[in-house]
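Colleague: My structure is stored as query_3.csv, with CSV, C-alpha atoms.
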chain,number,residue,atom,x,y,z
A,1,ASP,CA,-66.6,28.0,74.5
A,2,VAL,CA,-69.0,30.8,75.1
A,3,GLN,CA,-67.7,33.0,77.9
A,4,MET,CA,-70.3,34.4,80.3
A,5,THR,CA,-69.3,37.6,82.1
A,6,GLN,CA,-71.1,38.8,85.2
A,7,SER,CA,-69.4,42.2,85.6
A,8,LEU,CA,-70.3,42.6,89.3
A,9,SER,CA,-69.1,40.0,91.6
A,10,TYR,CA,-70.6,41.7,94.6
A,11,LEU,CA,-73.6,43.9,95.1
A,12,ALA,CA,-74.9,45.4,98.4
A,13,ALA,CA,-78.5,46.6,98.7
A,14,SER,CA,-81.2,47.1,101.2
A,15,PRO,CA,-84.6,45.5,101.5
A,16,GLY,CA,-87.1,47.4,99.4
A,17,GLU,CA,-84.5,48.5,96.8
A,18,SER,CA,-84.4,47.3,93.3
A,19,VAL,CA,-81.3,45.8,91.8
A,20,SER,CA,-80.1,44.7,88.4
A,21,ILE,CA,-77.5,42.0,87.7
A,22,SER,CA,-76.0,41.8,84.3
A,23,CYS,CA,-74.6,38.9,82.3
A,24,LYS,CA,-72.8,39.3,78.9
A,25,ALA,CA,-72.1,36.5,76.5
A,26,SER,CA,-69.0,36.4,74.3
A,27,LYS,CA,-71.2,35.6,71.3
A,28,SER,CA,-74.8,35.7,70.5
A,29,ILE,CA,-76.8,33.1,72.4
A,30,SER,CA,-80.2,34.2,71.3
A,31,ASN,CA,-82.3,33.9,74.4
A,32,TYR,CA,-80.8,30.6,75.6
A,33,LEU,CA,-80.1,31.9,79.1
A,34,ALA,CA,-81.1,30.9,82.5
A,35,TRP,CA,-80.7,32.6,85.9
A,36,TYR,CA,-80.2,30.7,89.2
A,37,GLN,CA,-80.1,31.7,92.8
A,38,GLN,CA,-78.1,29.9,95.4
A,39,LYS,CA,-78.3,30.3,99.1
A,40,PRO,CA,-76.0,28.7,101.7
A,41,GLY,CA,-77.2,25.2,102.6
A,42,GLU,CA,-79.8,25.2,99.9
A,43,ALA,CA,-80.1,23.7,96.4
A,44,TYR,CA,-79.7,26.0,93.4
A,45,LYS,CA,-83.0,27.4,92.4
A,46,LEU,CA,-83.9,28.1,88.8
A,47,LEU,CA,-85.4,31.6,88.6
A,48,ILE,CA,-85.7,32.3,84.9
A,49,TYR,CA,-85.1,30.5,81.6
A,50,SER,CA,-85.3,31.6,78.0
A,51,GLY,CA,-83.9,34.9,79.1
A,52,SER,CA,-87.2,36.2,80.5
A,53,THR,CA,-89.6,33.3,81.3
A,54,LEU,CA,-90.2,33.0,85.0
A,55,GLN,CA,-89.9,29.4,86.4
A,56,SER,CA,-93.0,28.3,88.2
A,57,GLY,CA,-92.8,29.5,91.8
A,58,THR,CA,-90.5,32.5,91.0
A,59,PRO,CA,-91.9,35.6,92.6
A,60,SER,CA,-93.1,38.3,90.1
A,61,ARG,CA,-90.6,40.8,91.6
A,62,PHE,CA,-88.0,38.9,89.5
A,63,SER,CA,-87.7,39.7,85.8
A,64,GLY,CA,-85.3,38.8,83.1
A,65,SER,CA,-84.5,40.7,79.9
A,66,GLY,CA,-82.2,40.7,77.0
A,67,SER,CA,-81.2,38.6,74.0
A,68,GLY,CA,-78.2,38.1,71.9
A,69,THR,CA,-75.2,38.9,74.1
A,70,ASP,CA,-76.6,41.1,76.9
A,71,PHE,CA,-78.9,40.0,79.6
A,72,THR,CA,-80.2,41.5,82.9
A,73,LEU,CA,-81.8,40.0,86.0
A,74,THR,CA,-83.9,42.6,87.8
A,75,ILE,CA,-85.3,42.2,91.3
A,76,ARG,CA,-87.8,44.8,92.3
A,77,SER,CA,-88.4,45.7,95.9
A,78,LEU,CA,-85.9,43.3,97.5
A,79,GLU,CA,-87.1,40.9,100.2
A,80,PRO,CA,-84.7,39.5,102.9
A,81,GLU,CA,-84.9,36.1,101.3
A,82,ASP,CA,-83.5,37.4,98.0
A,83,PHE,CA,-79.9,37.8,99.3
A,84,GLY,CA,-77.6,35.2,98.0
A,85,LEU,CA,-75.5,34.2,94.9
A,86,TYR,CA,-76.9,34.6,91.4
A,87,TYR,CA,-75.5,32.9,88.3
A,88,CYS,CA,-76.4,33.1,84.6
A,89,GLN,CA,-76.0,30.0,82.4
A,90,GLN,CA,-76.0,29.8,78.6
A,91,TYR,CA,-77.4,26.7,77.0
A,92,TYR,CA,-77.1,27.8,73.4
A,93,GLU,CA,-74.3,25.5,72.7
A,94,LYS,CA,-72.2,22.9,74.5
A,95,PRO,CA,-70.4,23.1,76.7
A,96,ASN,CA,-73.0,25.0,78.7
A,97,THR,CA,-71.2,27.7,80.6
A,98,PHE,CA,-71.9,29.8,83.6
A,99,GLY,CA,-71.1,33.3,84.7
A,100,ALA,CA,-68.8,33.8,87.7
A,101,GLY,CA,-71.7,34.7,90.0
A,102,THR,CA,-72.9,37.9,91.6
A,103,LYS,CA,-73.2,37.9,95.4
A,104,LEU,CA,-76.2,40.0,96.5
A,105,GLU,CA,-75.6,41.0,100.1
A,106,LEU,CA,-77.6,43.0,102.7
A,107,LYS,CA,-76.3,46.6,103.0
B,1,GLU,CA,-91.6,16.3,94.2
B,2,VAL,CA,-88.4,15.7,92.3
B,3,GLN,CA,-85.4,15.4,94.7
B,4,LEU,CA,-81.8,14.7,93.9
B,5,GLN,CA,-79.1,13.7,96.5
B,6,GLU,CA,-75.4,13.4,95.8
B,7,SER,CA,-73.3,11.0,97.8
B,8,GLY,CA,-69.7,9.8,97.8
B,9,PRO,CA,-66.4,10.2,99.5
B,10,GLY,CA,-65.4,13.7,100.6
B,11,LEU,CA,-61.7,13.0,100.3
B,12,VAL,CA,-59.9,11.5,97.3
B,13,LYS,CA,-56.2,11.1,96.8
B,14,PRO,CA,-54.4,12.6,93.8
B,15,SER,CA,-54.2,10.2,90.8
B,16,GLN,CA,-57.2,8.2,92.1
B,17,SER,CA,-60.7,8.2,90.8
B,18,LEU,CA,-63.6,10.2,92.1
B,19,SER,CA,-66.9,8.4,92.2
B,20,LEU,CA,-70.2,10.0,93.1
B,21,THR,CA,-73.8,8.8,93.1
B,22,CYS,CA,-76.9,10.9,92.4
B,23,SER,CA,-80.1,9.3,93.8
B,24,VAL,CA,-83.3,10.6,92.3
B,25,THR,CA,-86.7,10.4,93.9
B,26,GLY,CA,-90.0,11.6,92.6
B,27,TYR,CA,-89.1,11.2,88.9
B,28,SER,CA,-87.7,8.5,86.6
B,29,ILE,CA,-84.3,9.0,85.2
B,30,THR,CA,-85.6,7.3,82.0
B,31,SER,CA,-87.2,10.6,81.2
B,32,ASN,CA,-85.3,13.9,80.7
B,33,TYR,CA,-81.6,14.5,80.8
B,34,TRP,CA,-79.5,14.5,83.9
B,35,GLY,CA,-76.3,16.4,84.5
B,36,TRP,CA,-73.3,16.9,86.7
B,37,ILE,CA,-72.0,20.4,87.5
B,38,ARG,CA,-69.2,21.4,89.8
B,39,LYS,CA,-68.4,24.6,91.7
B,40,PHE,CA,-64.8,25.3,92.5
B,41,PRO,CA,-63.5,27.3,95.5
B,42,GLY,CA,-64.0,30.9,94.5
B,43,ASN,CA,-67.4,30.1,93.0
B,44,LYS,CA,-66.5,29.3,89.3
B,45,MET,CA,-68.9,26.7,87.9
B,46,GLU,CA,-68.3,24.1,85.3
B,47,TRP,CA,-70.7,21.9,83.4
B,48,MET,CA,-69.2,18.4,83.4
B,49,GLY,CA,-71.6,16.3,81.3
B,50,TYR,CA,-75.0,14.6,81.1
B,51,ILE,CA,-76.7,11.4,80.6
B,52,SER,CA,-80.0,11.2,78.6
B,53,TYR,CA,-83.2,9.4,79.2
B,54,SER,CA,-81.9,6.8,76.7
B,55,GLY,CA,-78.5,6.5,78.3
B,56,SER,CA,-76.6,8.5,75.8
B,57,THR,CA,-73.9,10.8,77.2
B,58,SER,CA,-72.1,14.0,76.5
B,59,TYR,CA,-69.1,15.4,78.2
B,60,ASN,CA,-67.3,18.7,78.6
B,61,PRO,CA,-64.2,18.5,76.3
B,62,SER,CA,-62.1,20.0,79.0
B,63,LEU,CA,-62.5,16.8,80.9
B,64,LYS,CA,-61.3,14.8,77.9
B,65,SER,CA,-61.3,11.1,78.6
B,66,ARG,CA,-61.3,11.3,82.4
B,67,ILE,CA,-65.0,11.4,82.8
B,68,SER,CA,-67.7,8.8,82.7
B,69,ILE,CA,-71.4,9.2,83.5
B,70,THR,CA,-73.5,6.0,83.8
B,71,ARG,CA,-76.8,5.0,85.4
B,72,ASP,CA,-78.7,2.3,87.1
B,73,THR,CA,-82.3,2.6,86.1
B,74,SER,CA,-83.5,-0.1,88.6
B,75,LYS,CA,-82.2,2.1,91.4
B,76,ASN,CA,-83.1,5.4,89.7
B,77,GLN,CA,-79.5,6.6,90.2
B,78,PHE,CA,-76.8,8.0,88.0
B,79,PHE,CA,-73.1,8.2,88.6
B,80,LEU,CA,-70.1,10.3,88.0
B,81,GLN,CA,-66.6,8.9,87.7
B,82,LEU,CA,-63.7,11.2,87.2
B,83,ASN,CA,-60.3,9.5,86.8
B,84,SER,CA,-56.8,10.7,87.5
B,85,VAL,CA,-57.9,13.5,89.8
B,86,THR,CA,-55.6,16.3,90.9
B,87,THR,CA,-56.0,19.0,93.5
B,88,GLU,CA,-57.6,21.1,90.7
B,89,ASP,CA,-60.6,18.8,90.9
B,90,THR,CA,-61.4,19.9,94.5
B,91,ALA,CA,-64.9,21.3,94.2
B,92,THR,CA,-68.5,20.9,95.3
B,93,TYR,CA,-70.2,18.5,92.9
B,94,TYR,CA,-73.9,18.8,92.0
B,95,CYS,CA,-76.3,16.6,90.1
B,96,ALA,CA,-79.3,18.2,88.4
B,97,ARG,CA,-82.2,17.5,86.1
B,98,TYR,CA,-82.6,19.3,82.8
B,99,GLY,CA,-85.9,21.2,82.7
B,100,VAL,CA,-87.0,20.2,79.2
B,101,TYR,CA,-87.5,16.5,78.5
B,102,TYR,CA,-86.4,16.5,74.9
B,103,GLY,CA,-83.0,18.1,75.3
B,104,PRO,CA,-80.3,19.5,77.5
B,105,ASN,CA,-80.9,23.1,78.4
B,106,TYR,CA,-81.4,24.6,81.8
B,107,PHE,CA,-81.5,22.8,85.1
B,108,ASP,CA,-84.8,22.9,87.1
B,109,TYR,CA,-83.9,20.6,90.0
B,110,TRP,CA,-80.6,20.4,91.8
B,111,GLY,CA,-79.1,18.3,94.5
B,112,GLN,CA,-77.6,20.1,97.5
B,113,GLY,CA,-74.1,19.2,96.4
B,114,VAL,CA,-71.2,17.2,97.9
B,115,MET,CA,-67.9,18.7,98.6
B,116,VAL,CA,-64.9,16.7,97.4
B,117,THR,CA,-61.4,17.5,98.4
B,118,VAL,CA,-58.4,16.0,96.5
B,119,SER,CA,-55.5,15.7,98.8
B,120,SER,CA,-52.9,13.3,99.9
Starting from the coordinates I provided, produce the structure as structure tokens.
Modeller:
Amino acid sequence: DVQMTQSLSYLAASPGESVSISCKASKSISNYLAWYQQKPGEAYKLLIYSGSTLQSGTPSRFSGSGSGTDFTLTIRSLEPEDFGLYYCQQYYEKPNTFGAGTKLELK
Amino acid sequence: EVQLQESGPGLVKPSQSLSLTCSVTGYSITSNYWGWIRKFPGNKMEWMGYISYSGSTSYNPSLKSRISITRDTSKNQFFLQLNSVTTEDTATYYCARYGVYYGPNYFDYWGQGVMVTVSS
């Protein structure tokens, strides 16, 4: 299975700051990577797919980059509603696998 | 709007079967692919399997022969059955729609999840 590593399990930041969340695949997955946000009591929200394509409705302060094995989700100018759990998922091959998640908390 | 809602018992005894239903509104399950994913305590996530628009299925090998995903197109529902559960199957279970109609890839709509505890 492709192992997905999110090196930071926890990240604290303040509104207005910019943050980056990394995700590393154990083998090349081209750009078959998605990013999700989860907030307590809410359904998972697809933010980005194909590594860098914003899902409809995702604010433009979110961006995704990378291909191959290294990927980054960047959030510019954090808003209060951006705090939550972020996961990456590879869909290059089955079984699809997820990173362990990065919890973005308010500093 | 596409909406998914999981339902099923919140408590299952070890060695028994876990059965969950995903009810879909706003979109037909005879289009796209539909999956089950679970999140364990501690936030680790696992893709369990999917059922396609045609009824074909694919499962995570880690679940071997314990898993079955079926559907009822007349009710626009699909189902998860996991047999011989142990405490390690305690998790929050999610159903979701794959975002691209022609193949399994990323998930664009999710249910809110149902927590299932395996305990005697």
Colleague: Starting from chain A, keep only residues with some atom at most 7 Å from an atom of chain B, counting all atoms listed in the file, and report them as a list in words.
Modeller: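 Result, ordered by chain then number: Ala34, Glu42, Ala43, Tyr44, Leu46, Tyr49, Tyr91, Pro95, Asn96, Thr97, Phe98, Ala100 and Gly101 of chain A.
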Colleague: Find the spatial neighbours of Ser7 (chain B), counting all atoms listed in the file, within a cut-off of 12 Å - ignore same-chain residues fewer than 2 positions away - and output them as a ChimeraX atom specification.
Modeller: /B:4-5,9-10,18-24,77-80,92-95,111-116
Colleague: So the first atom is CA of Thr74 (chain A) and the second is CA of Trp34 (chain B); what is the distance between them in Å, to one decimal place?
Modeller: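 Here the two named atoms are 28.7 Å from each other.
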Colleague: Enter the distance from CA of Ser56 (chain B) to CA of Glu1 (chain B), in Å, rounded to one decimal.
Modeller: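 Between CA of Ser56 (chain B) and CA of Glu1 (chain B) the gap is 25.0 Å.
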Colleague: In Å, rounded to a single decimal, give me how far CA of Gln55 (chain A) is from CA of Gly68 (chain A).
Modeller: 20.6 Å
Colleague: What's around Thr58 (chain A) at 10 Å? Count all atoms listed in the file, leave out sequence neighbours fewer than 4 positions away in its own chain, and write the answer as a list in words.
Modeller: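 These residues fall inside the cut-off: Lys45, Leu46, Leu47, Ile48, Thr53, Leu54, Phe62 and Ser63 of chain A.
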Colleague: Between A:Leu33, A:Ile21, A:Ile75, A:Leu106, which is the closest to Ser9 (chain A) once you count only C-alpha atoms?
Modeller: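 Looking at the shortest contact to Ser9 (chain A), the residue is A:Ile21.
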Colleague: Using all atoms listed in the file, can you tell me which of A:Ser14, A:Ser65, A:Ser56, A:Ser77 comes closest to Asn31 (chain A)?
Modeller: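 Of all the options, A:Ser65 lies closest to Asn31 (chain A).
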Colleague: Just need the box for region 3-22 of chain B, edges along x, y and z, holding every atom the file lists for it with 3 Å tacked onto each side, so centre and edge lengths in Å to one decimal, as AutoDock Vina command-line options.
Modeller:
--center_x -69.8 --center_y 11.8 --center_z 95.7 --size_x 37.2 --size_y 13.2 --size_z 15.8
Colleague: Please identify all polymer residues lying at most 8 Å from the point (-77.4, 7.2, 79.5) (file coordinates), using all atoms listed in the file, and present the result as a PyMOL selection string.
Modeller: chain B and resi 50-57+69-71
